[in-house]
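Text of the file final20.csv, holding CSV, C-alpha atoms:
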```csv
chain,number,residue,atom,x,y,z
A,20,MET,CA,0.0,0.0,0.0
A,21,LEU,CA,1.4,3.4,-1.0
A,22,THR,CA,1.1,5.8,1.9
A,23,LEU,CA,1.4,9.5,1.3
A,24,ASP,CA,1.5,12.7,3.3
A,25,PRO,CA,-0.4,15.4,1.4
A,26,ASN,CA,2.0,18.0,2.8
A,27,GLU,CA,4.9,16.2,1.1
A,28,LEU,CA,3.3,16.2,-2.4
A,29,SER,CA,3.4,19.0,-5.0
A,30,PRO,CA,-0.1,20.6,-5.4
A,31,MET,CA,-0.3,19.2,-9.0
A,32,LYS,CA,0.5,15.6,-7.9
A,33,LEU,CA,-1.9,15.8,-5.0
A,34,GLN,CA,-4.6,17.1,-7.3
A,35,GLY,CA,-4.0,14.3,-9.7
A,36,TYR,CA,-4.4,11.6,-6.9
A,37,LEU,CA,-7.5,13.2,-5.5
A,38,GLN,CA,-9.3,13.6,-8.9
A,39,SER,CA,-8.4,10.1,-9.9
A,40,ALA,CA,-9.5,8.5,-6.6
A,41,VAL,CA,-12.7,10.5,-5.9
A,42,GLY,CA,-15.0,9.8,-8.8
A,43,PRO,CA,-16.9,9.6,-11.0
A,44,ARG,CA,-17.9,13.2,-10.2
A,45,PRO,CA,-21.0,14.9,-11.7
A,46,ILE,CA,-20.3,18.0,-13.8
A,47,ALA,CA,-21.7,21.5,-13.1
A,48,PHE,CA,-21.8,23.3,-16.4
A,49,ALA,CA,-22.0,26.8,-15.0
A,50,SER,CA,-23.3,29.7,-16.9
A,51,THR,CA,-22.7,33.1,-15.4
A,52,MET,CA,-22.8,36.7,-16.5
A,53,ASP,CA,-20.3,39.5,-15.5
A,54,LYS,CA,-21.4,42.8,-14.1
A,55,ASN,CA,-21.3,44.3,-17.6
A,56,GLY,CA,-23.7,41.6,-19.0
A,57,LYS,CA,-21.1,39.4,-20.8
A,58,PRO,CA,-21.9,35.7,-20.6
A,59,ASN,CA,-19.4,33.0,-19.5
A,60,LEU,CA,-19.7,29.2,-19.6
A,61,SER,CA,-17.4,26.7,-17.9
A,62,PRO,CA,-17.6,23.2,-16.4
A,63,PHE,CA,-16.7,22.1,-12.9
A,64,SER,CA,-16.5,18.6,-11.5
A,65,PHE,CA,-16.2,19.6,-7.9
A,66,PHE,CA,-20.0,19.6,-7.7
A,67,ASN,CA,-23.0,17.9,-6.1
A,68,ILE,CA,-26.4,18.3,-4.5
A,69,PHE,CA,-26.4,18.9,-0.7
A,70,SER,CA,-30.0,19.6,0.2
A,71,SER,CA,-33.4,19.1,-1.3
A,72,ASN,CA,-35.4,21.4,1.1
A,73,PRO,CA,-34.2,24.0,0.4
A,74,PRO,CA,-32.8,22.8,-2.9
A,75,ILE,CA,-29.0,23.5,-2.6
A,76,LEU,CA,-26.3,22.7,-5.1
A,77,ILE,CA,-22.6,23.4,-4.4
A,78,PHE,CA,-19.8,23.6,-6.9
A,79,SER,CA,-16.2,24.8,-6.4
A,80,PRO,CA,-14.1,26.7,-8.9
A,81,ALA,CA,-10.6,26.1,-7.5
A,82,ARG,CA,-7.7,28.4,-7.8
A,83,ARG,CA,-5.4,27.4,-10.7
A,84,VAL,CA,-2.6,25.2,-9.4
A,85,ARG,CA,-0.1,26.6,-11.9
A,86,ASP,CA,-0.4,30.3,-11.1
A,87,ASN,CA,-2.9,30.7,-8.3
A,88,SER,CA,-5.2,32.8,-10.5
A,89,ILE,CA,-9.0,32.6,-10.1
A,90,LYS,CA,-11.7,31.8,-12.7
A,91,HIS,CA,-14.1,34.1,-14.4
A,92,THR,CA,-17.0,32.0,-13.0
A,93,LEU,CA,-16.0,32.8,-9.4
A,94,ILE,CA,-15.6,36.5,-10.1
A,95,ASN,CA,-19.0,36.6,-11.8
A,96,CYS,CA,-20.7,34.7,-8.9
A,97,GLN,CA,-19.1,37.2,-6.5
A,98,ASP,CA,-20.3,40.1,-8.4
A,99,THR,CA,-23.8,39.1,-9.5
A,100,LYS,CA,-24.8,36.3,-7.0
A,101,GLN,CA,-26.5,34.3,-9.9
A,102,VAL,CA,-25.6,31.2,-11.9
A,103,VAL,CA,-27.3,28.6,-14.0
A,104,ILE,CA,-26.1,25.0,-13.5
A,105,ASN,CA,-26.7,22.8,-16.5
A,106,VAL,CA,-26.2,19.1,-16.4
A,107,VAL,CA,-24.0,17.4,-19.0
A,108,ASN,CA,-25.0,14.4,-21.1
A,109,TYR,CA,-23.0,12.4,-23.6
A,110,ASP,CA,-24.4,14.3,-26.7
A,111,MET,CA,-22.7,17.5,-25.6
A,112,VAL,CA,-19.5,16.2,-23.8
A,113,GLN,CA,-17.1,17.3,-26.5
A,114,GLN,CA,-18.6,20.8,-26.7
A,115,MET,CA,-18.6,21.0,-22.9
A,116,SER,CA,-14.9,20.1,-22.8
A,117,LEU,CA,-14.1,22.7,-25.5
A,118,SER,CA,-15.8,25.4,-23.4
A,119,SER,CA,-13.2,24.8,-20.6
A,120,THR,CA,-10.5,26.3,-22.8
A,121,GLU,CA,-9.2,29.3,-21.1
A,122,TYR,CA,-10.3,32.0,-23.6
A,123,PRO,CA,-9.6,35.6,-22.7
A,124,ASP,CA,-12.1,37.6,-20.5
A,125,GLY,CA,-15.1,38.6,-22.6
A,126,VAL,CA,-15.0,35.7,-25.1
A,127,ASN,CA,-18.4,34.0,-25.3
A,128,GLU,CA,-17.9,30.3,-24.6
A,129,PHE,CA,-21.4,29.6,-26.0
A,130,LEU,CA,-20.2,30.7,-29.4
A,131,LYS,CA,-16.8,28.9,-29.1
A,132,SER,CA,-18.4,25.7,-28.1
A,133,GLY,CA,-21.3,25.9,-30.5
A,134,LEU,CA,-23.9,25.6,-27.8
A,135,THR,CA,-27.1,27.6,-27.7
A,136,GLN,CA,-27.8,30.2,-25.1
A,137,ILE,CA,-31.4,30.8,-24.1
A,138,PRO,CA,-32.8,33.2,-21.6
A,139,SER,CA,-33.6,32.2,-18.0
A,140,ASP,CA,-36.8,33.1,-16.2
A,141,LYS,CA,-35.6,34.3,-12.8
A,142,VAL,CA,-31.8,35.0,-13.2
A,143,LYS,CA,-29.8,36.9,-15.8
A,144,PRO,CA,-27.3,34.1,-16.9
A,145,TYR,CA,-28.3,32.1,-19.9
A,146,ARG,CA,-29.2,28.5,-19.9
A,147,VAL,CA,-27.6,25.9,-22.2
A,148,ALA,CA,-30.4,24.7,-24.6
A,149,GLU,CA,-28.7,21.4,-25.3
A,150,SER,CA,-28.6,20.5,-21.6
A,151,PRO,CA,-31.4,18.1,-20.5
A,152,VAL,CA,-31.8,19.7,-17.1
A,153,GLN,CA,-31.0,23.3,-16.2
A,154,PHE,CA,-31.1,24.8,-12.7
A,155,GLU,CA,-31.5,28.6,-12.3
A,156,CYS,CA,-29.8,29.5,-9.0
A,157,VAL,CA,-29.1,32.4,-6.7
A,158,VAL,CA,-25.8,32.3,-4.8
A,159,ASN,CA,-26.4,32.1,-1.0
A,160,GLU,CA,-22.8,32.1,0.1
A,161,ILE,CA,-19.2,31.7,-1.2
A,162,ILE,CA,-16.7,30.1,1.1
A,163,ALA,CA,-13.0,30.3,0.3
A,164,LEU,CA,-11.1,27.2,1.4
A,165,GLY,CA,-7.6,28.7,1.1
A,166,THR,CA,-5.4,31.2,-0.7
A,167,GLU,CA,-2.9,29.0,-2.5
A,168,GLY,CA,-3.1,27.3,-5.9
A,169,GLY,CA,-5.6,24.4,-5.8
A,170,ALA,CA,-7.7,25.9,-3.1
A,171,GLY,CA,-11.4,25.6,-3.7
A,172,ASN,CA,-14.2,28.2,-3.4
A,173,LEU,CA,-17.5,26.6,-2.3
A,174,ILE,CA,-20.3,28.4,-4.2
A,175,ILE,CA,-23.5,27.5,-2.3
A,176,CYS,CA,-26.5,27.9,-4.7
A,177,GLN,CA,-30.2,27.7,-4.1
A,178,VAL,CA,-32.3,26.5,-7.0
A,179,VAL,CA,-35.1,29.0,-7.8
A,180,LYS,CA,-36.3,27.3,-11.1
A,181,MET,CA,-35.7,24.0,-12.9
A,182,HIS,CA,-36.1,23.1,-16.5
A,183,ILE,CA,-36.3,19.5,-17.6
A,184,ASP,CA,-36.4,18.2,-21.2
A,185,GLU,CA,-39.5,15.9,-21.4
A,186,ALA,CA,-37.5,13.6,-23.7
A,187,VAL,CA,-35.6,12.3,-20.7
A,188,LEU,CA,-38.7,11.4,-18.6
A,189,ASP,CA,-40.3,8.0,-18.3
A,190,ALA,CA,-44.0,7.2,-18.5
A,191,ASN,CA,-44.4,8.2,-14.8
A,192,GLY,CA,-42.7,11.6,-15.4
A,193,ILE,CA,-39.5,10.6,-13.6
A,194,ILE,CA,-36.1,11.2,-15.1
A,195,ASP,CA,-35.0,8.0,-16.8
A,196,PRO,CA,-31.2,7.4,-16.2
A,197,VAL,CA,-30.8,5.7,-19.6
A,198,LYS,CA,-32.5,8.5,-21.5
A,199,ILE,CA,-30.7,11.3,-19.7
A,200,ASP,CA,-27.4,9.6,-20.5
A,201,LEU,CA,-25.3,11.7,-18.0
A,202,VAL,CA,-21.5,11.8,-18.0
A,203,SER,CA,-19.2,12.3,-15.1
A,204,ARG,CA,-15.6,13.1,-14.5
A,205,LEU,CA,-12.6,11.1,-13.3
A,206,GLY,CA,-8.9,11.8,-13.4
A,207,GLY,CA,-6.8,12.7,-16.5
A,208,ASN,CA,-8.8,12.5,-19.8
A,209,TRP,CA,-11.2,9.9,-18.3
A,210,TYR,CA,-15.0,10.3,-18.1
A,211,SER,CA,-17.8,7.9,-17.3
A,212,ARG,CA,-21.0,7.5,-19.2
A,213,ALA,CA,-23.8,6.5,-16.9
A,214,ASN,CA,-25.2,3.8,-19.0
A,215,GLN,CA,-22.0,2.5,-20.8
A,216,GLY,CA,-18.9,3.1,-18.7
A,217,LEU,CA,-15.5,4.7,-19.2
A,218,PHE,CA,-14.4,6.7,-22.2
A,219,GLU,CA,-11.7,9.4,-22.9
A,220,VAL,CA,-12.0,13.0,-24.0
A,221,GLU,CA,-8.8,14.7,-25.0
A,222,LYS,CA,-8.2,17.8,-22.9
A,223,PRO,CA,-8.6,21.1,-24.7
A,224,LEU,CA,-5.4,22.5,-26.1
A,225,ALA,CA,-3.1,24.5,-23.9
A,226,THR,CA,-3.2,27.0,-26.8
A,227,LEU,CA,-6.6,28.2,-27.8
A,228,GLY,CA,-8.8,26.1,-30.1
A,229,ILE,CA,-10.4,27.8,-33.1
A,230,GLY,CA,-13.8,27.1,-31.6
A,231,VAL,CA,-17.0,25.9,-33.3
A,232,ASP,CA,-17.8,29.4,-34.4
A,233,ALA,CA,-14.8,29.1,-36.8
A,234,VAL,CA,-16.1,25.9,-38.4
A,235,PRO,CA,-17.6,26.5,-41.9
A,236,GLU,CA,-21.3,26.5,-42.1
A,237,PHE,CA,-21.5,23.6,-44.6
A,238,ILE,CA,-20.0,21.4,-41.8
A,239,LYS,CA,-22.2,22.8,-39.0
A,240,GLU,CA,-25.3,22.4,-41.1
A,241,SER,CA,-24.6,18.8,-42.2
A,242,PRO,CA,-26.7,16.1,-40.6
A,243,ILE,CA,-23.7,13.8,-40.7
A,244,PHE,CA,-21.9,15.7,-37.8
A,245,ASP,CA,-23.3,15.9,-34.3
A,246,GLY,CA,-22.3,18.3,-31.5
A,247,ASN,CA,-19.5,16.1,-30.3
A,248,ASP,CA,-18.0,16.1,-33.8
A,249,LEU,CA,-18.2,19.9,-33.9
A,250,GLY,CA,-16.5,20.0,-30.5
A,251,LYS,CA,-13.6,18.0,-31.8
A,252,LEU,CA,-13.3,20.1,-35.0
A,253,GLY,CA,-13.3,23.3,-32.9
A,254,ASN,CA,-10.5,22.0,-30.6
A,255,VAL,CA,-7.6,22.5,-33.1
A,256,GLU,CA,-5.2,25.4,-32.9
A,257,ALA,CA,-5.1,26.0,-36.6
A,258,LEU,CA,-6.5,24.5,-39.8
A,259,PRO,CA,-4.2,22.4,-42.1
A,260,THR,CA,-2.5,24.4,-44.8
A,261,GLU,CA,-3.2,23.9,-48.5
A,262,GLU,CA,0.2,22.2,-48.9
A,263,GLU,CA,-0.5,19.8,-46.1
A,264,ILE,CA,-3.9,18.9,-47.6
A,265,THR,CA,-2.4,18.4,-51.1
A,266,ILE,CA,0.3,16.1,-49.7
A,267,PHE,CA,-2.2,14.1,-47.7
A,268,VAL,CA,-4.5,13.6,-50.7
A,269,LYS,CA,-1.6,12.6,-52.9
A,270,GLU,CA,-0.5,9.9,-50.4
A,271,ASN,CA,-3.9,8.5,-49.6
A,272,PHE,CA,-5.5,6.5,-52.4
A,273,LYS,CA,-8.9,6.0,-50.6
A,274,VAL,CA,-9.3,9.7,-49.9
A,275,LYS,CA,-8.3,10.5,-53.5
A,276,ALA,CA,-10.9,8.1,-54.8
A,277,VAL,CA,-13.7,9.6,-52.7
A,278,LEU,CA,-12.8,13.1,-53.6
A,279,SER,CA,-12.7,12.2,-57.3
A,280,ALA,CA,-16.3,10.9,-57.1
A,281,ASP,CA,-17.3,14.4,-56.1
A,282,ASP,CA,-20.0,13.1,-53.7
A,283,GLU,CA,-20.3,15.5,-50.8
A,284,VAL,CA,-22.1,13.0,-48.6
A,285,LYS,CA,-19.4,10.4,-49.0
A,286,ILE,CA,-16.7,13.0,-48.4
A,287,GLN,CA,-18.3,14.0,-45.1
A,288,GLN,CA,-18.9,10.4,-44.1
A,289,LEU,CA,-15.2,9.7,-44.6
A,290,ALA,CA,-14.4,12.7,-42.5
A,291,LYS,CA,-16.8,11.4,-39.8
A,292,GLU,CA,-14.9,8.0,-39.8
A,293,TYR,CA,-11.7,9.9,-39.0
A,294,LEU,CA,-13.4,11.9,-36.3
A,295,ASP,CA,-14.7,8.7,-34.7
A,296,ARG,CA,-11.1,7.6,-34.5
A,297,ASN,CA,-10.1,11.0,-33.0
A,298,GLU,CA,-8.0,11.7,-36.1
A,299,VAL,CA,-9.2,15.3,-36.1
A,300,LEU,CA,-6.6,17.0,-38.3
A,301,THR,CA,-7.1,14.2,-40.9
A,302,ALA,CA,-10.8,14.8,-40.9
A,303,TRP,CA,-10.2,18.5,-41.5
A,304,LYS,CA,-7.9,17.7,-44.5
A,305,VAL,CA,-10.7,15.6,-46.0
A,306,LEU,CA,-13.3,18.3,-45.5
A,307,LEU,CA,-11.2,21.1,-46.9
A,308,ALA,CA,-9.7,19.2,-49.8
A,309,LYS,CA,-12.4,20.3,-52.2
A,310,LYS,CA,-13.0,23.8,-50.8
```

Can the structure in the file be given as structure tokens, please?
Amino acid sequence: MLTLDPNELSPMKLQGYLQSAVGPRPIAFASTMDKNGKPNLSPFSFFNIFSSNPPILIFSPARRVRDNSIKHTLINCQDTKQVVINVVNYDMVQQMSLSSTEYPDGVNEFLKSGLTQIPSDKVKPYRVAESPVQFECVVNEIIALGTEGGAGNLIICQVVKMHIDEAVLDANGIIDPVKIDLVSRLGGNWYSRANQGLFEVEKPLATLGIGVDAVPEFIKESPIFDGNDLGKLGNVEALPTEEEITIFVKENFKVKAVLSADDEVKIQQLAKEYLDRNEVLTAWKVLLAKK
């Protein structure tokens, strides 16, 4: 048995052990608004329900381990005392992950992740339309747990309105765990899908991904690609160059044959095959080869 003293571990290593051992953890996809009305969207896996009467949810935006800075979500909750917590299901997991990219202050993560912002009824922050359950909340209290990198900040939220997609309900009006298809977080790149088990989602780039808003409309409007595909396509630092695309097509007989047939559906289906294997840059090369 490996025995460790937390005081003798680096904050990064300690965080890794904790996140890998305590899980799977539900995900609070928190939508906030700054004091000037600019929206922000970010996921947090230090999250759970702590009371039903009153209905209380708590999530914790921790200080960044690397530089001890704090997140926009925490600042917004301090300033406005409002937040919408959206649950995350499998259909939106890649877009949720992309939204965790640390874009500069003022960048709208709804646009970058390709998710849809819709108005709330009782609070100012937007809801995520794609989320099957959305909780409009007021912030009752924020408790800082420390001042060093890795220290959490408990945001204690009271639910003032709930929105539930009827498609996830069973015949008795109860949320069906299979239909809602929730995902949860473990350590590293690992997630758990409630009805199927473990899977991986590559962490967003340390550099900024181009975002779903930079994906051409012909791709976003195609029925072949779902939200998870768009999330993957948006999580690249730059598109392949014309030279890279030309070399790729020349060296790949199968791709050359599909492109020669000039069948847009088959081209997109081939790109989808690469996306399913997480070969994202290759998918981009296929999609852009005829453009």

Could you tell me which of A:Ile175, A:Leu249, A:Leu258, A:Ile89 comes closest to A:Leu134 if we count all atoms listed in the file? A:Leu249

Sort by chain and increasing residue number a table of all residues of stretch 166-225 of chain A within 12 Å of stretch 32-55 of chain A, each with its closest pair of atoms and their distance in Å to one decimal, counting all atoms listed in the file, and write it as JSON lines.
```
{"residue": "A:Gly168", "atom": "CA", "partner": "A:Gln34", "partner_atom": "CA", "distance": 10.4}
{"residue": "A:Gly169", "atom": "CA", "partner": "A:Gln34", "partner_atom": "CA", "distance": 7.5}
{"residue": "A:Ala170", "atom": "CA", "partner": "A:Gln34", "partner_atom": "CA", "distance": 10.2}
{"residue": "A:Gly171", "atom": "CA", "partner": "A:Gln34", "partner_atom": "CA", "distance": 11.5}
{"residue": "A:Ile174", "atom": "CA", "partner": "A:Ala49", "partner_atom": "CA", "distance": 11.0}
{"residue": "A:Cys176", "atom": "CA", "partner": "A:Ala49", "partner_atom": "CA", "distance": 11.3}
{"residue": "A:Leu201", "atom": "CA", "partner": "A:Pro45", "partner_atom": "CA", "distance": 8.3}
{"residue": "A:Val202", "atom": "CA", "partner": "A:Pro45", "partner_atom": "CA", "distance": 7.0}
{"residue": "A:Ser203", "atom": "CA", "partner": "A:Pro45", "partner_atom": "CA", "distance": 4.6}
{"residue": "A:Arg204", "atom": "CA", "partner": "A:Arg44", "partner_atom": "CA", "distance": 4.9}
{"residue": "A:Leu205", "atom": "CA", "partner": "A:Pro43", "partner_atom": "CA", "distance": 5.1}
{"residue": "A:Gly206", "atom": "CA", "partner": "A:Ser39", "partner_atom": "CA", "distance": 3.9}
{"residue": "A:Gly207", "atom": "CA", "partner": "A:Ser39", "partner_atom": "CA", "distance": 7.3}
{"residue": "A:Asn208", "atom": "CA", "partner": "A:Ser39", "partner_atom": "CA", "distance": 10.2}
{"residue": "A:Trp209", "atom": "CA", "partner": "A:Ser39", "partner_atom": "CA", "distance": 8.9}
{"residue": "A:Tyr210", "atom": "CA", "partner": "A:Pro43", "partner_atom": "CA", "distance": 7.4}
{"residue": "A:Ser211", "atom": "CA", "partner": "A:Pro43", "partner_atom": "CA", "distance": 6.6}
{"residue": "A:Arg212", "atom": "CA", "partner": "A:Pro43", "partner_atom": "CA", "distance": 9.4}
{"residue": "A:Ala213", "atom": "CA", "partner": "A:Pro43", "partner_atom": "CA", "distance": 9.6}
{"residue": "A:Gly216", "atom": "CA", "partner": "A:Pro43", "partner_atom": "CA", "distance": 10.3}
{"residue": "A:Leu217", "atom": "CA", "partner": "A:Pro43", "partner_atom": "CA", "distance": 9.7}
{"residue": "A:Phe218", "atom": "CA", "partner": "A:Pro43", "partner_atom": "CA", "distance": 11.8}
```

Tell me which protein, DNA and RNA residues are within 10 Å of stretch 154-162 of chain A, counting only C-alpha atoms, leaving out same-chain ones fewer than 6 positions away, and put them as a VMD selection string. chain A and resid 47 49 to 50 74 to 79 93 96 to 97 99 to 106 139 to 146 171 to 183

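Using only C-alpha atoms for every distance, the candidate list A:Lys222, A:Lys251, A:Lys198, A:Arg82 yields A:Lys251 as the residue closest to A:Gly133.
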
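Considering the residues A:Asn87, A:Ser61, A:Ser116, A:Asn67 and counting all atoms listed in the file, A:Gly253 has its shortest atom-to-atom contact with A:Ser116.
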
Between atom CA of A:Val231 and atom CA of A:Ser132, what is the spacing in Å? 5.4 Å

Skip A:Gln113 itself and residues of its chain fewer than 5 positions away, then list as a ChimeraX atom specification all residues within 9 Å of it, counting all atoms listed in the file. /A:118,132,220-221,246-251

What's the 6 Å shell around stretch 299-306 of chain A, counting only C-alpha atoms, without same-chain residues fewer than 3 positions away, as a list in words? Ile264, Ala290, Tyr293 and Leu294 of chain A

Could you list, as a ChimeraX atom specification, every residue within 8 Å of A:Val255, counting only C-alpha atoms and ignoring same-chain residues fewer than 5 positions away? /A:224,227-230,299-300

Go ahead and compute the interatomic distance for atom CA of A:Asp200 and atom CA of A:Pro151, in Å to one decimal. 9.4 Å

Just give me the gap between atom CA of A:Lys269 and atom CA of A:Asp282 in Å, one decimal is fine. 18.4 Å

Take every atom of stretch 191-208 of chain A listed in the file, fit an axis-aligned box around them, add 5 Å per side, and give the centre and edge lengths in Å to one decimal as AutoDock Vina command-line options.
```
--center_x -25.6 --center_y 9.4 --center_z -17.4 --size_x 47.6 --size_y 17.4 --size_z 18.2
```

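The point (-13.4, 10.1, -48.8) has these residues within 8 Å of it when all atoms listed in the file are used: Lys273, Val274, Lys275, Ala276, Val277, Leu278, Lys285, Ile286, Gln287, Gln288, Leu289, Ala290 and Val305 of chain A.
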
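Distance annotation: of A:Asn271, A:Gln136, A:Thr260, A:Thr22, the residue with the minimal separation from A:Leu307 is A:Thr260; atom set is all atoms listed in the file.
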
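You can rank A:Asn59, A:Ser29, A:Val268, A:Phe65 by their closest distance to A:Ile94 using all atoms listed in the file, and at the top of that list sits A:Asn59.
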
Which of A:Val84, A:Leu117, A:Ile68, A:Val107 sits closest to A:Pro30 [using only C-alpha atoms]: A:Val84

Model the absent atoms of stretch 76-95 of chain A so that N, CA, C and O atoms are present, and write the result as an mmCIF file, keeping the file's coordinate frame.
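Saved result, result-v3.cif, follows:
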```cif
data_model
loop_
_atom_site.group_PDB
_atom_site.id
_atom_site.type_symbol
_atom_site.label_atom_id
_atom_site.label_comp_id
_atom_site.auth_asym_id
_atom_site.auth_seq_id
_atom_site.Cartn_x
_atom_site.Cartn_y
_atom_site.Cartn_z
ATOM 1 N N LEU A 76 -27.384 23.302 -4.356
ATOM 2 C CA LEU A 76 -26.300 22.700 -5.100
ATOM 3 C C LEU A 76 -25.012 23.466 -4.736
ATOM 4 O O LEU A 76 -25.045 24.678 -4.465
ATOM 5 N N ILE A 77 -23.896 22.755 -4.689
ATOM 6 C CA ILE A 77 -22.600 23.400 -4.400
ATOM 7 C C ILE A 77 -21.591 22.958 -5.439
ATOM 8 O O ILE A 77 -21.477 21.779 -5.754
ATOM 9 N N PHE A 78 -20.902 23.946 -6.005
ATOM 10 C CA PHE A 78 -19.800 23.600 -6.900
ATOM 11 C C PHE A 78 -18.592 24.503 -6.454
ATOM 12 O O PHE A 78 -18.755 25.487 -5.726
ATOM 13 N N SER A 79 -17.404 24.113 -6.897
ATOM 14 C CA SER A 79 -16.200 24.800 -6.400
ATOM 15 C C SER A 79 -15.199 25.081 -7.490
ATOM 16 O O SER A 79 -14.469 24.197 -7.931
ATOM 17 N N PRO A 80 -15.163 26.323 -7.961
ATOM 18 C CA PRO A 80 -14.100 26.700 -8.900
ATOM 19 C C PRO A 80 -12.796 26.926 -8.074
ATOM 20 O O PRO A 80 -12.684 27.848 -7.268
ATOM 21 N N ALA A 81 -11.857 26.024 -8.281
ATOM 22 C CA ALA A 81 -10.600 26.100 -7.500
ATOM 23 C C ALA A 81 -9.641 27.101 -8.129
ATOM 24 O O ALA A 81 -9.678 27.379 -9.334
ATOM 25 N N ARG A 82 -8.763 27.630 -7.295
ATOM 26 C CA ARG A 82 -7.700 28.400 -7.800
ATOM 27 C C ARG A 82 -6.782 27.586 -8.690
ATOM 28 O O ARG A 82 -6.561 26.418 -8.393
ATOM 29 N N ARG A 83 -6.303 28.146 -9.783
ATOM 30 C CA ARG A 83 -5.400 27.400 -10.700
ATOM 31 C C ARG A 83 -4.149 27.016 -9.970
ATOM 32 O O ARG A 83 -3.502 27.868 -9.348
ATOM 33 N N VAL A 84 -3.775 25.730 -10.082
ATOM 34 C CA VAL A 84 -2.600 25.200 -9.400
ATOM 35 C C VAL A 84 -1.327 25.918 -9.957
ATOM 36 O O VAL A 84 -0.410 26.279 -9.225
ATOM 37 N N ARG A 85 -1.307 26.131 -11.273
ATOM 38 C CA ARG A 85 -0.100 26.600 -11.900
ATOM 39 C C ARG A 85 0.306 28.030 -11.558
ATOM 40 O O ARG A 85 1.477 28.389 -11.484
ATOM 41 N N ASP A 86 -0.709 28.912 -11.349
ATOM 42 C CA ASP A 86 -0.400 30.300 -11.100
ATOM 43 C C ASP A 86 -1.215 31.001 -10.048
ATOM 44 O O ASP A 86 -1.126 32.213 -9.847
ATOM 45 N N ASN A 87 -2.079 30.209 -9.361
ATOM 46 C CA ASN A 87 -2.900 30.700 -8.300
ATOM 47 C C ASN A 87 -3.916 31.775 -8.707
ATOM 48 O O ASN A 87 -4.404 32.546 -7.889
ATOM 49 N N SER A 88 -4.235 31.817 -9.990
ATOM 50 C CA SER A 88 -5.200 32.800 -10.500
ATOM 51 C C SER A 88 -6.640 32.180 -10.230
ATOM 52 O O SER A 88 -6.804 30.982 -9.992
ATOM 53 N N ILE A 89 -7.660 33.032 -10.296
ATOM 54 C CA ILE A 89 -9.000 32.600 -10.100
ATOM 55 C C ILE A 89 -9.812 32.669 -11.405
ATOM 56 O O ILE A 89 -9.415 33.376 -12.335
ATOM 57 N N LYS A 90 -10.916 31.947 -11.479
ATOM 58 C CA LYS A 90 -11.700 31.800 -12.700
ATOM 59 C C LYS A 90 -12.760 32.845 -12.852
ATOM 60 O O LYS A 90 -13.283 33.361 -11.862
ATOM 61 N N HIS A 91 -13.109 33.122 -14.118
ATOM 62 C CA HIS A 91 -14.100 34.100 -14.400
ATOM 63 C C HIS A 91 -15.457 33.753 -13.714
ATOM 64 O O HIS A 91 -16.202 34.620 -13.256
ATOM 65 N N THR A 92 -15.762 32.452 -13.642
ATOM 66 C CA THR A 92 -17.000 32.000 -13.000
ATOM 67 C C THR A 92 -17.089 32.480 -11.568
ATOM 68 O O THR A 92 -18.134 32.961 -11.107
ATOM 69 N N LEU A 93 -15.985 32.331 -10.828
ATOM 70 C CA LEU A 93 -16.000 32.800 -9.400
ATOM 71 C C LEU A 93 -16.170 34.262 -9.325
ATOM 72 O O LEU A 93 -16.969 34.742 -8.499
ATOM 73 N N ILE A 94 -15.472 35.015 -10.154
ATOM 74 C CA ILE A 94 -15.600 36.500 -10.100
ATOM 75 C C ILE A 94 -17.047 36.888 -10.414
ATOM 76 O O ILE A 94 -17.626 37.743 -9.726
ATOM 77 N N ASN A 95 -17.646 36.259 -11.426
ATOM 78 C CA ASN A 95 -19.000 36.600 -11.800
ATOM 79 C C ASN A 95 -20.008 36.276 -10.680
ATOM 80 O O ASN A 95 -20.941 37.035 -10.406
#
```
